[in-house]
Amino acid sequence: MAIRFLSLAVSLSTVTALLEENPCLADNNTYTTHGNLFIIGRAIAVNLSDVENLPYDPKCITQPHNTLLYRSKGYTKDDLALVSEARDEYMRGKGLKMLNFTLSVWKQWPDSDLIYGDLREMWDYMQDKFKNMNANDRDCHTAMRCPN
């Protein structure tokens, strides 16, 4: 009787499908950020470099962040100050010193994870509050992996 071994190569899309079908396989960690904001490119983003053990790939993600607001002409330091003040007011109003969040693989963009929790709730608030100065059309996420 011969024993056969099967070698499997698993693609990122296969892993994504497995996670969606089996949520228990998703990242069950809760992460925490101070919610510091900065300008990156043409966006105002939450800096996630203060998050301990954030499972991003440093080969292609040099500055982990969550894009809060985006527009083609970008933002000024005054815009950043205005949005930072709104963030402070939001966090004080909710009694938050830190923003907790969880992650799950984003089916449409498998190199990114969707964000849930306090960070997502603040993101939603900011999307509404600054809709007149925002053209961001993507969901609340962070890039985590190198694109295929």
# chains A, B, ... in the order shown; residues from 1 in each chain; ligands from 1
>>> residues_around(residues="stretch 130-146 of chain A", least_positions_apart="3", cutoff="9 Å", atoms="only C-alpha atoms", output="count of residues only")
37
>>> residues_around(residues="A:Glu52", least_positions_apart="6", cutoff="12 Å", atoms="only C-alpha atoms", output="list in words")
Asn29, Thr30, Tyr31, Thr32, Thr33, His34, Pro64 and Asn100 of chain A
>>> write_last_selection(atoms="C-alpha atoms", output="PDB file, in the first residue's frame")
ATOM      1  CA  ASN A  29      -7.450  40.511  18.874  1.00  0.00           C
ATOM      2  CA  THR A  30      -8.506  43.909  20.100  1.00  0.00           C
ATOM      3  CA  TYR A  31      -6.065  46.685  19.266  1.00  0.00           C
ATOM      4  CA  THR A  32      -5.770  50.139  20.816  1.00  0.00           C
ATOM      5  CA  THR A  33      -4.618  53.484  19.427  1.00  0.00           C
ATOM      6  CA  HIS A  34      -4.378  57.014  20.785  1.00  0.00           C
ATOM      7  CA  PRO A  64       0.299  51.946   9.150  1.00  0.00           C
ATOM      8  CA  ASN A 100     -10.204  50.150  20.619  1.00  0.00           C
TER       9      ASN A 100
END
>>> atom_distance(atom1="atom CA of A:Met91", atom2="atom CA of A:Leu37")
13.1 Å
>>> select_by_dssp(residues="stretch 18-86 of chain A", states="strand (DSSP E or B)", output="number ranges by chain")
A: 31-33, 37-40, 43-47, 65-70
>>> select_by_dssp(residues="stretch 33-117 of chain A", states="alpha helix (DSSP H)", output="MDAnalysis selection string")
chainID A and resid 77:94
>>> atom_distance(atom1="atom CA of A:Leu80", atom2="atom CA of A:Met98")
19.1 Å
